[in-house]
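A.B. asks: Sharing a structure below in structure tokens format, with a few things to ask.
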Amino acid sequence: MKQANRLAVALLAGGAALVPFAGGFSPATAKSGDAVADLRPVALNGVPGSGTAFVSVHGTRLDVRMRATGLLADAPHAAHIHFGAQARHECPRATDDTDGSGTLNTSEGGPAYGPVRVSLTRTGDTSPASGLAIDRFDTAPGGRLSYQRGHIKVSQDVAKAVTEGYAVIVIHGVDHNHDGTYDGATPSDLDPGLPTEATDPALCGRVVPRG
Ligand SMILES: [Cu+2]
């Protein structure tokens, strides 16, 4: 196949997935740069916290530093970099509460931030497969999360999403009923063996390139 044809096929196959990058499409390169996410309470979920995440991109390697406060203390908090080409590249709004429950679960936030692409685990695998590896995430002693990990290998499209401002960081785990633990009758949309409190999105921020 000729080069031009191959590109045409790739573009067709990518289709809508490439729309956010129209004009900046460069298949073989991932830029380097620094980005920051201002982590704020997810709409409707009422977590009295905030945080900041710094992401350095070196090709397809990420170094991440993240701090947050106001989380349920001494409970696991899954944290991820989310990105989907079809997503809105932002944190969810109250109008994303499609089941009308009055709170947002992780799936309801999907149209805003897309699927899990990087699991910000403390050790071991960082792929989406570790998205709910509860024993490897920070447990926020005293409600404070402190995370640092370097050399996280990611795919080209995730590296590009971070440097271009299309990725979103989400910290999960919301004690809706303020009883100090993850519980309640509503099962998690991600794992019916867990209560939804264990996985609901708590803090969220779009990863913005630093000028
Ligand atoms: Cu997540």
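Labels for the structure tokens follow display order: chains A, B, ..., residues from 1 in each chain, ligands from 1.
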Counting only C-alpha atoms and all ligand atoms, what are the residues, protein, DNA or RNA alike, that approach ligand 1 to within 9 Å? I want them as a list in words.

C.D. replies: Ala78, Ala79, His80, Ile81, His82, Thr106, Tyr113, Pro115, Val116, Arg117, Val118, Ser119, Gly131, Leu132, Val168, Ile169, Val170, Ile171, His172, Thr199, Asp200, Pro201 and Cys204 of chain A

A.B. asks: Would you list the contacts of A:Gly205 as a PyMOL selection string, taking every protein, DNA or RNA residue within 10 Å and counting only C-alpha atoms, but skipping same-chain residues closer than 4 positions in sequence?

C.D. replies: chain A and resi 36-42+50-53+81+89-92+113+167-171

A.B. asks: Using Å and a single decimal, report how far atom CA of A:Ile152 sits from atom CA of A:Glu108.

C.D. replies: 27.2 Å

A.B. asks: Within 7 Å of stretch 193-195 of chain A, counting only C-alpha atoms, which residues qualify if same-chain residues fewer than 3 places away don't, as a list in words?

C.D. replies: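 So, after excluding close chain neighbours, the residues are Tyr182, Asp183, Gly184, Ala185, Thr186, Pro187, Ser188 and Ala198 of chain A.
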
A.B. asks: For A:Asp175, which residue among A:Gln156, A:Thr103, A:Thr98, A:Ser56 is the nearest when counting only C-alpha atoms?

C.D. replies: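 Once distances to A:Asp175 are computed over only C-alpha atoms, the minimum belongs to A:Thr103.
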
A.B. asks: Which neighbours of A:Val47 fall inside 7 Å, counting only C-alpha atoms, when residues of the same chain fewer than 2 positions from it are skipped, and could you give them as a ChimeraX atom specification?

C.D. replies: /A:41,45,49,70-71,174,202

A.B. asks: Please determine, counting only C-alpha atoms, which residue among A:Leu104, A:Ala161, A:Val57, A:Val208 has the shortest atom-to-atom distance to A:Gly173.

C.D. replies: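 Nearest candidate to A:Gly173 out of A:Leu104, A:Ala161, A:Val57, A:Val208: A:Leu104.
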
A.B. asks: Using DSSP on the backbone coordinates, identify all residues within stretch 37-108 of chain A classified as strand (DSSP E); present the result as an NGL selection string.

C.D. replies: :A and (37-41 or 50-58 or 61-69 or 79-82)

A.B. asks: Take the residues just selected and output them with N, CA, C and O atoms as an mmCIF file, in the first residue's frame.

C.D. replies:
```
data_model
loop_
_atom_site.group_PDB
_atom_site.id
_atom_site.type_symbol
_atom_site.label_atom_id
_atom_site.label_comp_id
_atom_site.auth_asym_id
_atom_site.auth_seq_id
_atom_site.Cartn_x
_atom_site.Cartn_y
_atom_site.Cartn_z
ATOM 1 N N ALA A 37 -3.106 19.763 37.179
ATOM 2 C CA ALA A 37 -4.558 19.617 37.349
ATOM 3 C C ALA A 37 -4.952 20.184 38.703
ATOM 4 O O ALA A 37 -4.380 19.827 39.734
ATOM 5 N N ASP A 38 -5.912 21.078 38.677
ATOM 6 C CA ASP A 38 -6.481 21.660 39.893
ATOM 7 C C ASP A 38 -7.662 20.766 40.280
ATOM 8 O O ASP A 38 -8.683 20.767 39.606
ATOM 9 N N LEU A 39 -7.500 20.001 41.337
ATOM 10 C CA LEU A 39 -8.512 19.000 41.696
ATOM 11 C C LEU A 39 -9.577 19.624 42.584
ATOM 12 O O LEU A 39 -9.272 20.177 43.649
ATOM 13 N N ARG A 40 -10.813 19.517 42.135
ATOM 14 C CA ARG A 40 -11.947 20.137 42.826
ATOM 15 C C ARG A 40 -13.021 19.095 43.111
ATOM 16 O O ARG A 40 -13.075 18.065 42.435
ATOM 17 N N PRO A 41 -13.909 19.380 44.065
ATOM 18 C CA PRO A 41 -14.972 18.406 44.376
ATOM 19 C C PRO A 41 -15.848 18.119 43.152
ATOM 20 O O PRO A 41 -16.248 19.046 42.446
ATOM 21 N N SER A 50 -9.842 19.286 48.172
ATOM 22 C CA SER A 50 -9.241 19.829 46.960
ATOM 23 C C SER A 50 -7.857 19.231 46.824
ATOM 24 O O SER A 50 -7.391 18.513 47.720
ATOM 25 N N GLY A 51 -7.208 19.531 45.734
ATOM 26 C CA GLY A 51 -5.866 19.009 45.538
ATOM 27 C C GLY A 51 -5.242 19.543 44.273
ATOM 28 O O GLY A 51 -5.850 20.324 43.537
ATOM 29 N N THR A 52 -4.005 19.108 44.058
ATOM 30 C CA THR A 52 -3.269 19.512 42.870
ATOM 31 C C THR A 52 -2.451 18.323 42.391
ATOM 32 O O THR A 52 -1.890 17.584 43.201
ATOM 33 N N ALA A 53 -2.401 18.161 41.087
ATOM 34 C CA ALA A 53 -1.548 17.117 40.514
ATOM 35 C C ALA A 53 -0.643 17.746 39.464
ATOM 36 O O ALA A 53 -1.085 18.581 38.669
ATOM 37 N N PHE A 54 0.629 17.369 39.513
ATOM 38 C CA PHE A 54 1.591 17.811 38.509
ATOM 39 C C PHE A 54 2.003 16.602 37.679
ATOM 40 O O PHE A 54 2.356 15.555 38.233
ATOM 41 N N VAL A 55 1.975 16.756 36.394
ATOM 42 C CA VAL A 55 2.351 15.664 35.500
ATOM 43 C C VAL A 55 3.442 16.158 34.558
ATOM 44 O O VAL A 55 3.261 17.172 33.869
ATOM 45 N N SER A 56 4.567 15.460 34.559
ATOM 46 C CA SER A 56 5.625 15.760 33.596
ATOM 47 C C SER A 56 5.626 14.670 32.544
ATOM 48 O O SER A 56 5.591 13.479 32.875
ATOM 49 N N VAL A 57 5.660 15.065 31.305
ATOM 50 C CA VAL A 57 5.648 14.119 30.198
ATOM 51 C C VAL A 57 7.011 14.150 29.506
ATOM 52 O O VAL A 57 7.509 15.222 29.164
ATOM 53 N N HIS A 58 7.587 12.972 29.372
ATOM 54 C CA HIS A 58 8.841 12.839 28.634
ATOM 55 C C HIS A 58 8.617 11.745 27.606
ATOM 56 O O HIS A 58 8.745 10.559 27.932
ATOM 57 N N ARG A 61 6.667 8.653 28.794
ATOM 58 C CA ARG A 61 6.893 8.425 30.222
ATOM 59 C C ARG A 61 6.279 9.576 31.010
ATOM 60 O O ARG A 61 6.483 10.736 30.677
ATOM 61 N N LEU A 62 5.533 9.238 32.038
ATOM 62 C CA LEU A 62 4.952 10.262 32.905
ATOM 63 C C LEU A 62 5.563 10.197 34.298
ATOM 64 O O LEU A 62 5.789 9.117 34.827
ATOM 65 N N ASP A 63 5.788 11.376 34.865
ATOM 66 C CA ASP A 63 6.118 11.492 36.285
ATOM 67 C C ASP A 63 4.978 12.272 36.921
ATOM 68 O O ASP A 63 4.627 13.348 36.445
ATOM 69 N N VAL A 64 4.406 11.715 37.989
ATOM 70 C CA VAL A 64 3.209 12.317 38.585
ATOM 71 C C VAL A 64 3.448 12.625 40.066
ATOM 72 O O VAL A 64 3.947 11.771 40.816
ATOM 73 N N ARG A 65 3.099 13.828 40.468
ATOM 74 C CA ARG A 65 3.072 14.212 41.883
ATOM 75 C C ARG A 65 1.679 14.742 42.179
ATOM 76 O O ARG A 65 1.132 15.523 41.404
ATOM 77 N N MET A 66 1.102 14.299 43.267
ATOM 78 C CA MET A 66 -0.284 14.686 43.531
ATOM 79 C C MET A 66 -0.503 14.794 45.036
ATOM 80 O O MET A 66 -0.017 13.969 45.811
ATOM 81 N N ARG A 67 -1.238 15.841 45.422
ATOM 82 C CA ARG A 67 -1.626 16.004 46.821
ATOM 83 C C ARG A 67 -3.098 16.351 46.866
ATOM 84 O O ARG A 67 -3.599 17.037 45.971
ATOM 85 N N ALA A 68 -3.769 15.874 47.901
ATOM 86 C CA ALA A 68 -5.178 16.224 48.056
ATOM 87 C C ALA A 68 -5.548 16.163 49.526
ATOM 88 O O ALA A 68 -4.909 15.446 50.309
ATOM 89 N N THR A 69 -6.578 16.906 49.890
ATOM 90 C CA THR A 69 -7.071 16.899 51.266
ATOM 91 C C THR A 69 -8.590 16.717 51.246
ATOM 92 O O THR A 69 -9.237 16.846 50.200
ATOM 93 N N ALA A 79 -7.195 6.271 42.015
ATOM 94 C CA ALA A 79 -6.948 7.520 41.293
ATOM 95 C C ALA A 79 -6.452 7.167 39.901
ATOM 96 O O ALA A 79 -5.665 6.223 39.733
ATOM 97 N N HIS A 80 -6.951 7.905 38.941
ATOM 98 C CA HIS A 80 -6.634 7.576 37.554
ATOM 99 C C HIS A 80 -6.435 8.816 36.703
ATOM 100 O O HIS A 80 -6.976 9.874 37.006
ATOM 101 N N ILE A 81 -5.760 8.596 35.582
ATOM 102 C CA ILE A 81 -5.833 9.543 34.474
ATOM 103 C C ILE A 81 -6.866 8.977 33.510
ATOM 104 O O ILE A 81 -6.733 7.842 33.043
ATOM 105 N N HIS A 82 -7.897 9.744 33.281
ATOM 106 C CA HIS A 82 -8.947 9.354 32.336
ATOM 107 C C HIS A 82 -8.750 10.113 31.033
ATOM 108 O O HIS A 82 -8.361 11.276 31.028
#
```

A.B. asks: Take atom CA of A:Asp34 and atom CA of A:Arg144 and report the distance between them in Å, one decimal.

C.D. replies: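 If I compute the distance from atom CA of A:Asp34 to atom CA of A:Arg144, I get 23.7 Å.
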
A.B. asks: Taking the chain letters and numbering used in this document, name the residues of stretch 17-196 of chain A that DSSP puts in helix (DSSP H, G or I), as JSON, numbers by chain.

C.D. replies: {"A": [17, 18, 19, 20, 21, 94, 95, 96, 110, 111, 112, 113, 128, 129, 130, 134, 135, 136, 141, 142, 143, 156, 157, 158, 159, 160, 161, 162, 163, 164, 196]}

A.B. asks: Can you work out which one of A:Gly110, A:Arg93, A:Pro76, A:Ala87 has the shortest atom-to-atom distance to A:Arg122, counting only C-alpha atoms?

C.D. replies: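 Closest candidate: A:Pro76.
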
A.B. asks: For A:Thr139, which residue out of A:Thr181, A:Gln86, A:Thr163, A:Thr126 is the nearest one, using only C-alpha atoms?

C.D. replies: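 That would be A:Thr181, the residue with the smallest distance to A:Thr139.
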
A.B. asks: Counting only C-alpha atoms, which residue out of A:His176, A:His77, A:Arg206, A:His151 sits closest to A:Asp125?

C.D. replies: A:His151

A.B. asks: Given only C-alpha atoms as the basis, pick out the residue of A:Leu120, A:Gly211, A:Val162, A:Asn105 nearest to A:Asp138.

C.D. replies: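 Of A:Leu120, A:Gly211, A:Val162, A:Asn105, the one nearest A:Asp138, counting only C-alpha atoms, is A:Leu120.
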
A.B. asks: What's the separation between atom CA of A:Ala43 and atom CA of A:Gly102, in Å to one decimal place?

C.D. replies: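 A separation of 9.8 Å between them.
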